[in-house]
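J.: This is the content of upload.cif (mmCIF, C-alpha atoms):
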```cif
data_data
#
loop_
_atom_site.label_atom_id
_atom_site.label_comp_id
_atom_site.auth_asym_id
_atom_site.auth_seq_id
_atom_site.Cartn_x
_atom_site.Cartn_y
_atom_site.Cartn_z
CA MET A 1 8.30 126.66 53.65
CA GLN A 2 11.04 125.94 56.14
CA LYS A 3 12.28 122.38 56.07
CA PRO A 4 10.71 120.49 59.00
CA THR A 5 12.48 118.18 61.37
CA TYR A 6 12.51 114.55 60.36
CA ASP A 7 10.02 113.64 63.09
CA GLU A 8 7.66 116.37 61.90
CA PHE A 9 7.98 115.08 58.34
CA VAL A 10 7.11 111.54 59.43
CA GLY A 11 4.03 112.91 61.18
CA TYR A 12 2.92 114.69 58.01
CA LEU A 13 3.48 111.49 56.04
CA ARG A 14 1.54 109.30 58.47
CA SER A 15 -1.44 111.65 58.34
CA SER A 16 -1.40 111.85 54.54
CA LEU A 17 -1.26 108.07 54.18
CA HIS A 18 -4.24 107.75 56.49
CA TYR A 19 -6.23 109.98 54.10
CA LEU A 20 -4.66 108.66 50.90
CA TYR A 21 -7.95 108.58 48.98
CA ASP A 22 -9.30 111.84 50.42
CA THR A 23 -7.79 114.37 48.01
CA VAL A 24 -9.56 117.27 49.74
CA HIS A 25 -7.70 116.45 52.95
CA LEU A 26 -4.45 115.89 51.07
CA ARG A 27 -4.57 119.39 49.59
CA ARG A 28 -4.10 120.76 53.11
CA SER A 29 -1.09 118.56 53.88
CA PRO A 30 2.25 120.35 54.40
CA LEU A 31 3.70 117.69 52.08
CA VAL A 32 2.14 119.48 49.11
CA GLN A 33 4.58 122.37 49.46
CA LEU A 34 7.45 120.29 50.81
CA LEU A 35 7.34 117.95 47.80
CA GLY A 36 7.02 120.77 45.29
CA LEU A 37 3.40 120.18 44.33
CA SER A 38 1.93 123.60 45.11
CA THR A 39 1.78 124.54 41.40
CA GLU A 40 -0.28 121.48 40.50
CA PHE A 41 -3.89 122.01 39.39
CA ASP A 42 -5.13 119.29 41.75
CA GLN A 43 -2.63 119.28 44.58
CA GLY A 44 -4.39 116.51 46.48
CA ALA A 45 -4.36 114.16 43.50
CA ALA A 46 -0.72 115.04 42.82
CA LEU A 47 0.27 114.16 46.39
CA GLN A 48 -1.72 110.95 46.16
CA ARG A 49 0.23 109.95 43.04
CA VAL A 50 3.56 110.76 44.63
CA LEU A 51 2.80 108.62 47.68
CA THR A 52 1.42 105.65 45.74
CA ASP A 53 4.22 105.79 43.17
CA THR A 54 6.84 105.86 45.93
CA ILE A 55 5.26 102.84 47.63
CA ARG A 56 5.30 100.96 44.32
CA ALA A 57 8.92 101.97 43.80
CA LEU A 58 9.77 100.10 47.00
CA LYS A 59 8.70 96.82 45.39
CA PRO A 60 11.74 94.49 45.38
CA ALA A 61 13.08 92.70 42.33
CA ASP A 62 11.47 89.41 41.38
CA ASP A 63 14.50 87.43 42.55
CA GLU A 64 14.26 88.89 46.07
CA PRO A 65 13.36 86.15 48.60
CA PRO A 66 9.64 86.42 49.40
CA GLN A 67 10.28 86.47 53.16
CA SER A 68 12.80 89.32 52.99
CA ALA A 69 12.43 92.58 54.89
CA ALA A 70 12.11 94.45 51.59
CA TRP A 71 9.02 92.46 50.62
CA ARG A 72 7.49 92.91 54.10
CA ILE A 73 7.98 96.67 53.84
CA HIS A 74 6.40 96.86 50.39
CA ASP A 75 3.51 94.50 51.21
CA THR A 76 2.72 96.25 54.49
CA LEU A 77 2.47 99.66 52.80
CA SER A 78 0.59 98.35 49.78
CA LEU A 79 -1.97 96.37 51.77
CA GLN A 80 -2.57 99.01 54.42
CA TYR A 81 -2.62 102.18 52.34
CA ILE A 82 -3.08 101.42 48.63
CA ARG A 83 -5.50 98.51 49.06
CA GLN A 84 -6.94 99.92 52.32
CA TYR A 85 -7.11 96.55 54.09
CA ALA A 86 -8.16 96.52 57.72
CA ARG A 87 -5.48 95.86 60.32
CA ASP A 88 -6.51 92.26 60.94
CA ALA A 89 -6.61 91.55 57.20
CA VAL A 90 -3.09 92.95 56.75
CA ALA A 91 -1.80 90.80 59.61
CA MET A 92 -3.49 87.72 58.18
CA GLN A 93 -2.05 88.36 54.72
CA LEU A 94 1.44 88.76 56.13
CA GLY A 95 1.02 85.71 58.34
CA ILE A 96 1.86 87.58 61.53
CA SER A 97 0.07 88.68 64.69
CA GLU A 98 -1.40 92.15 65.06
CA ARG A 99 1.26 92.89 67.65
CA GLN A 100 3.98 91.97 65.15
CA LEU A 101 2.16 94.04 62.54
CA ARG A 102 2.63 97.22 64.58
CA ARG A 103 6.38 96.70 64.43
CA GLU A 104 6.27 96.03 60.68
CA GLN A 105 4.18 99.16 60.17
CA ARG A 106 6.76 101.29 61.95
CA LEU A 107 9.56 99.85 59.85
CA ALA A 108 7.59 100.29 56.64
CA LEU A 109 6.68 103.89 57.42
CA GLU A 110 10.32 104.60 58.23
CA ALA A 111 11.46 103.16 54.88
CA LEU A 112 8.91 105.25 52.97
CA ALA A 113 9.77 108.39 54.92
CA GLN A 114 13.49 107.98 54.24
CA ARG A 115 12.83 107.54 50.52
CA LEU A 116 10.86 110.80 50.38
CA TRP A 117 13.13 112.65 52.81
CA GLN A 118 16.10 112.11 50.50
CA ASN A 119 14.33 114.17 47.86
CA LEU A 120 13.64 117.21 50.00
CA ASP A 121 17.12 118.64 49.47
CA LEU A 122 16.52 118.49 45.72
CA LEU A 123 13.36 120.54 46.11
CA THR A 124 14.70 123.29 48.38
CA ALA A 125 16.19 124.93 45.28
CA ARG A 126 12.97 124.77 43.29
CA ASP A 127 12.43 128.54 43.39
CA ALA A 128 15.64 129.00 41.44
CA ALA A 129 14.86 126.17 39.05
CA PRO A 130 12.30 125.97 36.24
CA ALA A 131 8.70 125.93 37.38
CA ARG A 132 8.38 122.18 36.84
CA THR A 133 11.25 120.96 39.01
CA ALA A 134 8.82 118.91 41.06
CA GLU A 135 7.60 117.17 37.94
CA THR A 136 11.15 116.10 37.18
CA ALA A 137 11.67 114.78 40.68
CA PHE A 138 8.37 112.98 41.19
CA ALA A 139 6.51 112.92 37.85
CA ALA A 140 3.62 114.56 39.68
CA ALA A 141 1.81 115.40 36.44
CA PRO A 142 2.12 112.11 34.54
CA HIS A 143 1.15 111.24 31.02
CA LYS A 144 -2.53 110.44 30.43
CA ASP A 145 -1.64 106.76 30.27
CA GLN A 146 -0.25 106.91 33.80
CA ALA A 147 -3.26 108.88 35.02
CA LEU A 148 -5.57 106.20 33.61
CA ASN A 149 -3.53 103.43 35.21
CA ASP A 150 -3.60 105.24 38.56
CA GLU A 151 -7.38 105.48 38.32
CA LEU A 152 -7.67 101.78 37.52
CA VAL A 153 -5.37 100.79 40.37
CA TRP A 154 -7.43 102.94 42.72
CA LEU A 155 -10.64 101.26 41.57
CA GLN A 156 -9.12 97.81 41.91
CA GLY A 157 -7.59 98.50 45.29
CA SER A 158 -10.49 100.36 46.89
CA ALA A 159 -13.24 97.83 46.28
CA GLN A 160 -13.81 94.50 44.67
CA GLU A 161 -15.75 94.77 41.44
CA GLN A 162 -19.26 93.40 41.34
CA LEU A 163 -19.89 90.49 39.02
CA GLU A 164 -23.01 90.50 36.85
CA PRO A 165 -24.33 88.14 34.17
CA LEU A 166 -22.99 88.99 30.74
CA GLY A 167 -26.53 89.40 29.41
CA GLU A 168 -27.30 92.12 31.95
CA ILE A 169 -24.04 93.91 31.21
CA LEU A 170 -24.78 93.99 27.49
CA HIS A 171 -28.33 95.14 28.11
CA THR A 172 -26.99 98.07 30.14
CA VAL A 173 -24.41 98.90 27.44
CA HIS A 174 -27.11 98.74 24.77
CA THR A 175 -29.34 101.12 26.75
CA LEU A 176 -26.54 103.61 27.42
CA ALA A 177 -25.32 103.57 23.80
CA GLN A 178 -28.79 103.96 22.21
CA PRO A 179 -28.92 107.80 22.31
CA LEU A 180 -25.55 108.00 20.52
CA ALA A 181 -26.63 105.37 18.00
CA GLN A 182 -29.86 107.24 17.28
CA GLN A 183 -27.97 110.50 16.89
CA TRP A 184 -25.81 108.95 14.15
CA GLN A 185 -28.65 106.86 12.69
CA VAL A 186 -26.94 103.56 13.42
CA PRO A 187 -29.18 100.61 14.38
CA LEU A 188 -27.45 98.77 17.22
CA GLU A 189 -28.29 95.14 17.92
CA PHE A 190 -26.71 92.41 19.99
CA SER A 191 -26.90 88.65 20.23
CA ILE A 192 -25.44 86.13 22.66
CA ALA A 193 -24.57 82.53 21.91
CA SER A 194 -26.53 79.96 23.88
CA GLY A 195 -25.37 79.45 27.45
CA LEU A 196 -23.30 82.64 27.73
CA ALA A 197 -25.85 85.16 29.01
CA ASP A 198 -25.45 84.01 32.63
CA VAL A 199 -21.65 84.00 32.66
CA PRO A 200 -20.60 86.35 35.51
CA LEU A 201 -18.18 89.09 34.55
CA SER A 202 -16.86 92.29 36.07
CA GLN A 203 -19.60 94.77 35.27
CA LEU A 204 -17.51 97.93 35.74
CA SER A 205 -14.69 96.88 33.42
CA MET A 206 -16.91 95.40 30.69
CA ARG A 207 -19.24 98.39 30.59
CA ASN A 208 -16.45 100.90 30.31
CA ILE A 209 -14.47 98.98 27.70
CA LEU A 210 -17.50 98.43 25.47
CA LEU A 211 -18.82 101.99 25.86
CA THR A 212 -15.40 103.41 25.00
CA ILE A 213 -15.30 101.31 21.82
CA LEU A 214 -18.86 102.25 20.84
CA SER A 215 -18.22 105.95 21.41
CA VAL A 216 -15.59 105.71 18.66
CA THR A 217 -17.17 103.25 16.25
CA ILE A 218 -20.77 104.48 16.14
CA PRO A 219 -19.99 107.97 14.72
CA LEU A 220 -17.72 106.35 12.10
CA THR A 221 -20.62 104.15 11.00
CA SER A 222 -23.15 106.98 10.50
CA GLY A 223 -25.99 105.71 8.33
CA GLY A 224 -24.72 102.13 8.53
CA GLU A 225 -25.24 99.28 10.95
CA ALA A 226 -23.57 98.06 14.12
CA ALA A 227 -24.00 94.82 16.00
CA ILE A 228 -22.61 93.25 19.16
CA ALA A 229 -22.28 89.47 19.14
CA VAL A 230 -20.94 87.20 21.87
CA ILE A 231 -19.48 83.83 20.93
CA HIS A 232 -17.52 81.06 22.64
CA THR A 233 -14.40 79.94 20.78
CA GLY A 234 -13.78 76.95 23.03
CA VAL A 235 -11.00 78.57 25.03
CA ARG A 236 -12.42 82.02 25.67
CA ILE A 237 -15.40 84.31 25.20
CA GLU A 238 -15.22 86.92 22.45
CA ILE A 239 -17.38 90.02 22.15
CA GLU A 240 -17.45 91.25 18.55
CA ILE A 241 -18.55 94.76 17.59
CA THR A 242 -19.13 94.74 13.84
CA CYS A 243 -19.70 97.99 11.94
CA SER A 244 -20.57 98.18 8.25
CA ARG A 245 -22.00 100.66 5.78
CA ILE A 246 -23.04 100.39 2.15
CA GLY A 247 -21.03 102.59 -0.16
CA GLN A 248 -18.12 104.29 1.55
CA ALA A 249 -16.87 101.86 4.18
CA PRO A 250 -16.18 103.21 7.67
CA VAL A 251 -12.48 103.23 8.54
CA LEU A 252 -11.25 102.81 12.09
CA ASP A 253 -7.82 104.20 12.90
CA LYS A 254 -6.00 101.72 15.13
CA ASP A 255 -3.93 104.60 16.50
CA ASP A 256 -7.00 106.56 17.65
CA PRO A 257 -6.20 107.63 21.24
CA ARG A 258 -9.64 106.53 22.37
CA MET A 259 -9.10 103.04 21.02
CA LYS A 260 -5.74 102.94 22.75
CA THR A 261 -7.56 103.79 25.97
CA ALA A 262 -9.98 100.91 25.34
CA GLY A 263 -6.96 98.68 24.77
CA GLN A 264 -5.45 99.81 28.07
CA LEU A 265 -8.69 99.08 29.88
CA ALA A 266 -8.86 95.63 28.30
CA ALA A 267 -5.22 94.80 29.12
CA PHE A 268 -5.65 95.94 32.71
CA TYR A 269 -8.45 93.41 33.17
CA GLY A 270 -6.60 90.60 31.40
CA ALA A 271 -8.48 90.91 28.11
CA GLU A 272 -7.25 91.56 24.56
CA LEU A 273 -8.50 93.97 21.90
CA ALA A 274 -8.18 93.34 18.15
CA ILE A 275 -9.30 95.37 15.11
CA ASP A 276 -9.88 93.69 11.72
CA ARG A 277 -10.99 95.20 8.42
CA HIS A 278 -13.51 93.18 6.45
CA PRO A 279 -12.13 91.46 3.33
CA GLN A 280 -14.77 93.15 1.17
CA ASN A 281 -13.73 96.50 2.63
CA VAL A 282 -17.24 97.26 3.86
CA GLY A 283 -16.42 97.85 7.46
CA PHE A 284 -14.51 96.50 10.44
CA THR A 285 -14.84 94.32 13.52
CA VAL A 286 -13.50 95.14 16.96
CA THR A 287 -13.06 91.97 19.02
CA LEU A 288 -12.74 91.92 22.78
CA ARG A 289 -11.23 88.59 23.82
CA LEU A 290 -11.96 87.82 27.44
CA PRO A 291 -9.95 85.53 29.68
CA ALA A 292 -11.29 82.06 30.35
CA THR A 293 -14.52 82.44 32.28
CA GLU A 294 -15.31 78.92 33.42
CA GLN A 295 -15.49 78.79 37.20
CA ILE A 296 -12.77 76.33 38.17
CA PRO A 297 -13.31 75.06 41.72
CA VAL A 298 -10.42 75.38 44.18
CA LEU A 299 -10.71 73.90 47.68
CA VAL A 300 -9.02 75.70 50.57
CA ILE A 301 -8.57 73.64 53.75
CA ASP A 302 -7.65 76.00 56.60
CA ASP A 303 -9.11 76.50 60.07
CA ASN A 304 -8.67 80.28 59.65
CA ALA A 305 -11.90 81.47 58.01
CA GLY A 306 -10.31 84.79 57.13
CA TRP A 307 -7.68 83.05 54.99
CA ASP A 308 -10.08 81.65 52.42
CA GLU A 309 -11.96 84.97 52.41
CA MET A 310 -8.73 86.66 51.39
CA LEU A 311 -8.13 84.06 48.67
CA LYS A 312 -11.67 84.70 47.43
CA ARG A 313 -10.74 88.37 47.05
CA TYR A 314 -7.61 87.32 45.19
CA ALA A 315 -9.70 85.19 42.83
CA ALA A 316 -12.47 87.76 42.30
CA GLY A 317 -12.99 88.33 38.58
CA SER A 318 -10.73 85.39 37.64
CA ARG A 319 -11.71 81.94 36.38
CA TYR A 320 -11.28 80.41 39.84
CA HIS A 321 -14.03 79.76 42.39
CA ILE A 322 -12.80 79.35 45.97
CA VAL A 323 -14.54 76.95 48.33
CA GLY A 324 -13.33 76.98 51.93
CA VAL A 325 -13.60 74.27 54.57
CA HIS A 326 -12.56 75.06 58.15
CA GLN A 327 -13.04 71.62 59.74
CA PRO A 328 -10.25 69.25 58.63
CA HIS A 329 -12.39 66.14 59.29
CA ALA A 330 -14.85 67.34 56.61
CA ALA A 331 -12.16 67.99 54.00
CA LEU A 332 -12.01 64.51 52.47
CA SER A 333 -15.75 64.16 51.84
CA LEU A 334 -15.95 67.67 50.38
CA ALA A 335 -12.97 67.02 48.11
CA GLU A 336 -14.59 63.81 46.87
CA LYS A 337 -17.86 65.62 46.10
CA LEU A 338 -16.38 68.85 44.68
CA GLN A 339 -13.53 67.32 42.67
CA PRO A 340 -11.62 70.63 42.69
CA ALA A 341 -8.90 71.51 40.22
CA ALA A 342 -6.53 72.08 43.16
CA ILE A 343 -6.45 71.97 46.95
CA PHE A 344 -4.69 74.54 49.14
CA LEU A 345 -3.88 72.90 52.47
CA ASP A 346 -2.64 74.40 55.72
CA VAL A 347 -0.73 72.06 58.05
CA MET A 348 -1.18 73.88 61.37
CA MET A 349 -4.74 72.96 62.37
CA PRO A 350 -6.16 71.69 65.66
CA GLU A 351 -7.42 68.13 66.18
CA ILE A 352 -6.35 66.89 62.72
CA ASP A 353 -3.24 68.47 61.25
CA GLY A 354 -2.66 69.02 57.56
CA TRP A 355 -0.20 66.15 57.21
CA GLN A 356 -2.91 63.67 58.17
CA VAL A 357 -5.35 65.31 55.76
CA LEU A 358 -2.71 65.11 53.03
CA SER A 359 -2.24 61.38 53.69
CA GLU A 360 -5.98 60.73 53.50
CA LEU A 361 -6.36 62.69 50.26
CA ARG A 362 -3.50 60.80 48.65
CA GLN A 363 -4.73 57.39 49.77
CA GLU A 364 -8.28 57.76 48.50
CA GLN A 365 -8.66 56.82 44.82
CA THR A 366 -11.28 59.52 44.28
CA THR A 367 -8.94 62.32 45.45
CA SER A 368 -5.43 60.99 44.82
CA HIS A 369 -5.22 62.72 41.41
CA ILE A 370 -6.06 66.22 42.72
CA PRO A 371 -3.06 68.63 42.81
CA ILE A 372 -2.30 69.77 46.36
CA VAL A 373 -0.52 72.96 47.42
CA VAL A 374 0.70 73.09 51.01
CA CYS A 375 0.30 76.69 52.15
CA THR A 376 1.64 77.45 55.61
CA ALA A 377 3.69 79.96 57.56
CA LEU A 378 6.22 77.23 58.42
CA PRO A 379 9.36 76.87 56.22
CA LEU A 380 8.66 73.22 55.32
CA GLU A 381 8.95 73.20 51.54
CA GLY A 382 11.40 70.28 51.38
CA LEU A 383 9.26 68.09 53.63
CA ALA A 384 6.05 68.96 51.80
CA LEU A 385 7.51 68.19 48.37
CA SER A 386 8.97 64.90 49.63
CA LEU A 387 5.46 63.86 50.69
CA GLY A 388 4.16 64.31 47.16
CA VAL A 389 2.52 67.72 47.10
CA ASN A 390 2.49 69.55 43.80
CA ALA A 391 3.59 72.95 45.07
CA PHE A 392 4.45 74.82 48.26
CA LEU A 393 3.69 78.41 49.28
CA GLN A 394 4.90 79.99 52.49
CA LYS A 395 2.61 82.61 54.01
CA PRO A 396 2.29 85.51 53.46
CA VAL A 397 1.17 84.89 49.90
CA THR A 398 0.62 87.59 47.31
CA GLN A 399 -2.16 87.55 44.75
CA ASP A 400 0.36 87.02 41.94
CA GLN A 401 1.85 84.01 43.74
CA PHE A 402 -1.57 82.48 44.40
CA LEU A 403 -2.91 82.90 40.87
CA GLY A 404 0.46 82.00 39.35
CA VAL A 405 0.58 78.63 41.14
CA LEU A 406 -3.02 77.93 40.14
CA ASP A 407 -2.39 78.79 36.48
CA LYS A 408 0.66 76.52 36.41
CA LEU A 409 -1.18 73.62 38.02
CA ILE A 410 -4.15 73.95 35.68
CA SER A 411 -1.96 74.12 32.59
CA THR A 412 0.00 70.99 33.56
CA SER A 413 -2.81 68.88 35.00
CA GLY A 414 -5.12 69.16 32.01
CA TRP A 415 -8.11 69.91 34.23
CA PRO A 416 -10.79 68.66 34.09
CA SER A 417 -8.93 65.36 34.37
CA SER A 418 -10.33 62.18 32.88
CA SER A 419 -9.76 60.60 36.26
CA SER A 420 -12.04 63.08 37.97
CA VAL A 421 -15.28 61.86 39.42
CA ALA A 422 -18.37 63.50 37.97
#
```
Starting from the file, lay out its structure as structure tokens.

T.:
Amino acid sequence: MQKPTYDEFVGYLRSSLHYLYDTVHLRRSPLVQLLGLSTEFDQGAALQRVLTDTIRALKPADDEPPQSAAWRIHDTLSLQYIRQYARDAVAMQLGISERQLRREQRLALEALAQRLWQNLDLLTARDAAPARTAETAFAAAPHKDQALNDELVWLQGSAQEQLEPLGEILHTVHTLAQPLAQQWQVPLEFSIASGLADVPLSQLSMRNILLTILSVTIPLTSGGEAAIAVIHTGVRIEIEITCSRIGQAPVLDKDDPRMKTAGQLAAFYGAELAIDRHPQNVGFTVTLRLPATEQIPVLVIDDNAGWDEMLKRYAAGSRYHIVGVHQPHAALSLAEKLQPAAIFLDVMMPEIDGWQVLSELRQEQTTSHIPIVVCTALPLEGLALSLGVNAFLQKPVTQDQFLGVLDKLISTSGWPSSSSVA
């Protein structure tokens, strides 16, 4: 295919990004041939990986100032195309108007196009090179680990996972695993410690992790017994899958690729996987250690209702529960009643600004101990810290920044505090 003009190339790119998760449409994109992906088995999926990987490659270093142009380019592309946020949600996340967003979108698209355009010259000689030149340039056919991670990122970015009670998740897992257990003559039972059945967890991740483990462990335990038990260790919830057999003990290979996949799934969702042989050498236990699941209340005081909705999406599946209040005059009474672990406070609000709310919260004995994070588009970190806030975030705020500040505050405040009001 003849190399297009740069403007034509940008047009192809814009169209492909618009249909990033429609691999059927992507197969028809001229970018498939231009980027050397025509030999791929699934050309649409290959183009999707190239585009998403290139966007991720634009992510700046951690020491890059959060308000830099590089971060705006990366965040604009990631929010709009990988996470598929609506235009108004992207603008809100970036802390800019929709009119400003159009300018940022043009700049971001230009940066992505230039990154890909630089590689076209490398691919014009692909006919004279080995058949997998495109793989060398773009890693279009990645390792299985990368393919799994891409799938997980797609799931996480395309929709928020639904939370279900742990008891219902385990019931579903038990039902789905029963045919396999019966095939290998392995009775499968489960028990849940008191008070844990109603704990909400991500149903998609838990189901798939547990089913992956059981698909490996049940055949190894043929003729033996398997049990799933859920316990609370005080700092986290642990799901134990114990397999045993009289006589020759089942042996689980820690390097089994399927167990590595289960480990990847667990790590992706912030969990840990451990395998322990029994001291009597009669079997093994696979333990899935889940992150802290207590719902820690966080109060968000902001007149923009969309802002706390975005923070709720950030906190989905985590240990934090976001409560939003949009009327500043109601903030004090709600903070007294809720006794949140932290308060995120905007300062640009009508009628009563955030500075007045901050003063009231600090003066009241029932709220003076609550950590406060001023979160605003204004560059007022020095002023905010001088007034006694615990942290400052300038909008736009990423999910990592939001959860990172919360984790730090919780770890240092010892929440729930003895000074909290019940």

J.: Evaluate the PyMOL selection byres ((chain A and resi 31) around 12) here and jot the selected residues down as a PDB file with C-alpha atoms, in the coordinates of the input.

T.:
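The new file out_1.pdb reads:
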```
ATOM      1  CA  MET A   1       8.300 126.660  53.650  1.00  0.00           C
ATOM      2  CA  GLN A   2      11.040 125.940  56.140  1.00  0.00           C
ATOM      3  CA  LYS A   3      12.280 122.380  56.070  1.00  0.00           C
ATOM      4  CA  PRO A   4      10.710 120.490  59.000  1.00  0.00           C
ATOM      5  CA  GLU A   8       7.660 116.370  61.900  1.00  0.00           C
ATOM      6  CA  PHE A   9       7.980 115.080  58.340  1.00  0.00           C
ATOM      7  CA  VAL A  10       7.110 111.540  59.430  1.00  0.00           C
ATOM      8  CA  GLY A  11       4.030 112.910  61.180  1.00  0.00           C
ATOM      9  CA  TYR A  12       2.920 114.690  58.010  1.00  0.00           C
ATOM     10  CA  LEU A  13       3.480 111.490  56.040  1.00  0.00           C
ATOM     11  CA  ARG A  14       1.540 109.300  58.470  1.00  0.00           C
ATOM     12  CA  SER A  15      -1.440 111.650  58.340  1.00  0.00           C
ATOM     13  CA  SER A  16      -1.400 111.850  54.540  1.00  0.00           C
ATOM     14  CA  LEU A  17      -1.260 108.070  54.180  1.00  0.00           C
ATOM     15  CA  HIS A  25      -7.700 116.450  52.950  1.00  0.00           C
ATOM     16  CA  LEU A  26      -4.450 115.890  51.070  1.00  0.00           C
ATOM     17  CA  ARG A  27      -4.570 119.390  49.590  1.00  0.00           C
ATOM     18  CA  ARG A  28      -4.100 120.760  53.110  1.00  0.00           C
ATOM     19  CA  SER A  29      -1.090 118.560  53.880  1.00  0.00           C
ATOM     20  CA  PRO A  30       2.250 120.350  54.400  1.00  0.00           C
ATOM     21  CA  VAL A  32       2.140 119.480  49.110  1.00  0.00           C
ATOM     22  CA  GLN A  33       4.580 122.370  49.460  1.00  0.00           C
ATOM     23  CA  LEU A  34       7.450 120.290  50.810  1.00  0.00           C
ATOM     24  CA  LEU A  35       7.340 117.950  47.800  1.00  0.00           C
ATOM     25  CA  GLY A  36       7.020 120.770  45.290  1.00  0.00           C
ATOM     26  CA  LEU A  37       3.400 120.180  44.330  1.00  0.00           C
ATOM     27  CA  SER A  38       1.930 123.600  45.110  1.00  0.00           C
ATOM     28  CA  GLN A  43      -2.630 119.280  44.580  1.00  0.00           C
ATOM     29  CA  GLY A  44      -4.390 116.510  46.480  1.00  0.00           C
ATOM     30  CA  ALA A  46      -0.720 115.040  42.820  1.00  0.00           C
ATOM     31  CA  LEU A  47       0.270 114.160  46.390  1.00  0.00           C
ATOM     32  CA  GLN A  48      -1.720 110.950  46.160  1.00  0.00           C
ATOM     33  CA  VAL A  50       3.560 110.760  44.630  1.00  0.00           C
ATOM     34  CA  LEU A  51       2.800 108.620  47.680  1.00  0.00           C
ATOM     35  CA  ALA A 113       9.770 108.390  54.920  1.00  0.00           C
ATOM     36  CA  LEU A 116      10.860 110.800  50.380  1.00  0.00           C
ATOM     37  CA  TRP A 117      13.130 112.650  52.810  1.00  0.00           C
ATOM     38  CA  ASN A 119      14.330 114.170  47.860  1.00  0.00           C
ATOM     39  CA  LEU A 120      13.640 117.210  50.000  1.00  0.00           C
ATOM     40  CA  LEU A 123      13.360 120.540  46.110  1.00  0.00           C
TER      41      LEU A 123
END
```

J.: Return the single residue from A:Trp71, A:Phe402, A:Phe344, A:Trp307 that is closest to A:Glu104, with distances computed using all atoms listed in the file.

T.: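 Of A:Trp71, A:Phe402, A:Phe344, A:Trp307, the one nearest A:Glu104, counting all atoms listed in the file, is A:Trp71.
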
J.: Carefully work through the PyMOL selection byres ((chain A and resi 282-289) around 9) for this structure and note down the residues it includes, as a ChimeraX atom specification.

T.: /A:209-210,213,217,221,236-252,266,271-281,290-291

J.: Can you write out the residues you just picked, keeping C-alpha atoms, as an mmCIF file, in the frame of the given file?

T.:
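Saved the output as selection31.cif:
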```
data_model
loop_
_atom_site.group_PDB
_atom_site.id
_atom_site.type_symbol
_atom_site.label_atom_id
_atom_site.label_comp_id
_atom_site.auth_asym_id
_atom_site.auth_seq_id
_atom_site.Cartn_x
_atom_site.Cartn_y
_atom_site.Cartn_z
ATOM 1 C CA ILE A 209 -14.470 98.980 27.700
ATOM 2 C CA LEU A 210 -17.500 98.430 25.470
ATOM 3 C CA ILE A 213 -15.300 101.310 21.820
ATOM 4 C CA THR A 217 -17.170 103.250 16.250
ATOM 5 C CA THR A 221 -20.620 104.150 11.000
ATOM 6 C CA ARG A 236 -12.420 82.020 25.670
ATOM 7 C CA ILE A 237 -15.400 84.310 25.200
ATOM 8 C CA GLU A 238 -15.220 86.920 22.450
ATOM 9 C CA ILE A 239 -17.380 90.020 22.150
ATOM 10 C CA GLU A 240 -17.450 91.250 18.550
ATOM 11 C CA ILE A 241 -18.550 94.760 17.590
ATOM 12 C CA THR A 242 -19.130 94.740 13.840
ATOM 13 C CA CYS A 243 -19.700 97.990 11.940
ATOM 14 C CA SER A 244 -20.570 98.180 8.250
ATOM 15 C CA ARG A 245 -22.000 100.660 5.780
ATOM 16 C CA ILE A 246 -23.040 100.390 2.150
ATOM 17 C CA GLY A 247 -21.030 102.590 -0.160
ATOM 18 C CA GLN A 248 -18.120 104.290 1.550
ATOM 19 C CA ALA A 249 -16.870 101.860 4.180
ATOM 20 C CA PRO A 250 -16.180 103.210 7.670
ATOM 21 C CA VAL A 251 -12.480 103.230 8.540
ATOM 22 C CA LEU A 252 -11.250 102.810 12.090
ATOM 23 C CA ALA A 266 -8.860 95.630 28.300
ATOM 24 C CA ALA A 271 -8.480 90.910 28.110
ATOM 25 C CA GLU A 272 -7.250 91.560 24.560
ATOM 26 C CA LEU A 273 -8.500 93.970 21.900
ATOM 27 C CA ALA A 274 -8.180 93.340 18.150
ATOM 28 C CA ILE A 275 -9.300 95.370 15.110
ATOM 29 C CA ASP A 276 -9.880 93.690 11.720
ATOM 30 C CA ARG A 277 -10.990 95.200 8.420
ATOM 31 C CA HIS A 278 -13.510 93.180 6.450
ATOM 32 C CA PRO A 279 -12.130 91.460 3.330
ATOM 33 C CA GLN A 280 -14.770 93.150 1.170
ATOM 34 C CA ASN A 281 -13.730 96.500 2.630
ATOM 35 C CA LEU A 290 -11.960 87.820 27.440
ATOM 36 C CA PRO A 291 -9.950 85.530 29.680
#
```

J.: Just the number, please: distance in Å from atom CA of A:Thr172 to atom CA of A:Phe190, one decimal.

T.: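 Interatomic distance here is 11.6 Å.
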
J.: Ranking A:Glu336, A:Gln185, A:Pro219, A:Pro66 by minimum distance to A:Gln365 and counting all atoms listed in the file, which one comes first?

T.: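 Looking at the shortest contact to A:Gln365, the residue is A:Glu336.
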
J.: Neighbours of A:Pro379 within 10 Å (only C-alpha atoms; same-chain residues fewer than 3 positions away dropped), as a VMD selection string?

T.: chain A and resid 375 to 376 382 to 384 392 to 395

J.: Could you tell me which residues the PyMOL selection byres ((chain A and resi 327) around 8) returns for this structure, as a PDB file with C-alpha atoms, in the frame of the given file?

T.:
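Okay, selection-v2.pdb is ready:
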```
ATOM      1  CA  ILE A 301      -8.570  73.640  53.750  1.00  0.00           C
ATOM      2  CA  ASP A 302      -7.650  76.000  56.600  1.00  0.00           C
ATOM      3  CA  ASP A 303      -9.110  76.500  60.070  1.00  0.00           C
ATOM      4  CA  VAL A 325     -13.600  74.270  54.570  1.00  0.00           C
ATOM      5  CA  HIS A 326     -12.560  75.060  58.150  1.00  0.00           C
ATOM      6  CA  PRO A 328     -10.250  69.250  58.630  1.00  0.00           C
ATOM      7  CA  HIS A 329     -12.390  66.140  59.290  1.00  0.00           C
ATOM      8  CA  ALA A 330     -14.850  67.340  56.610  1.00  0.00           C
ATOM      9  CA  ALA A 331     -12.160  67.990  54.000  1.00  0.00           C
TER      10      ALA A 331
END
```
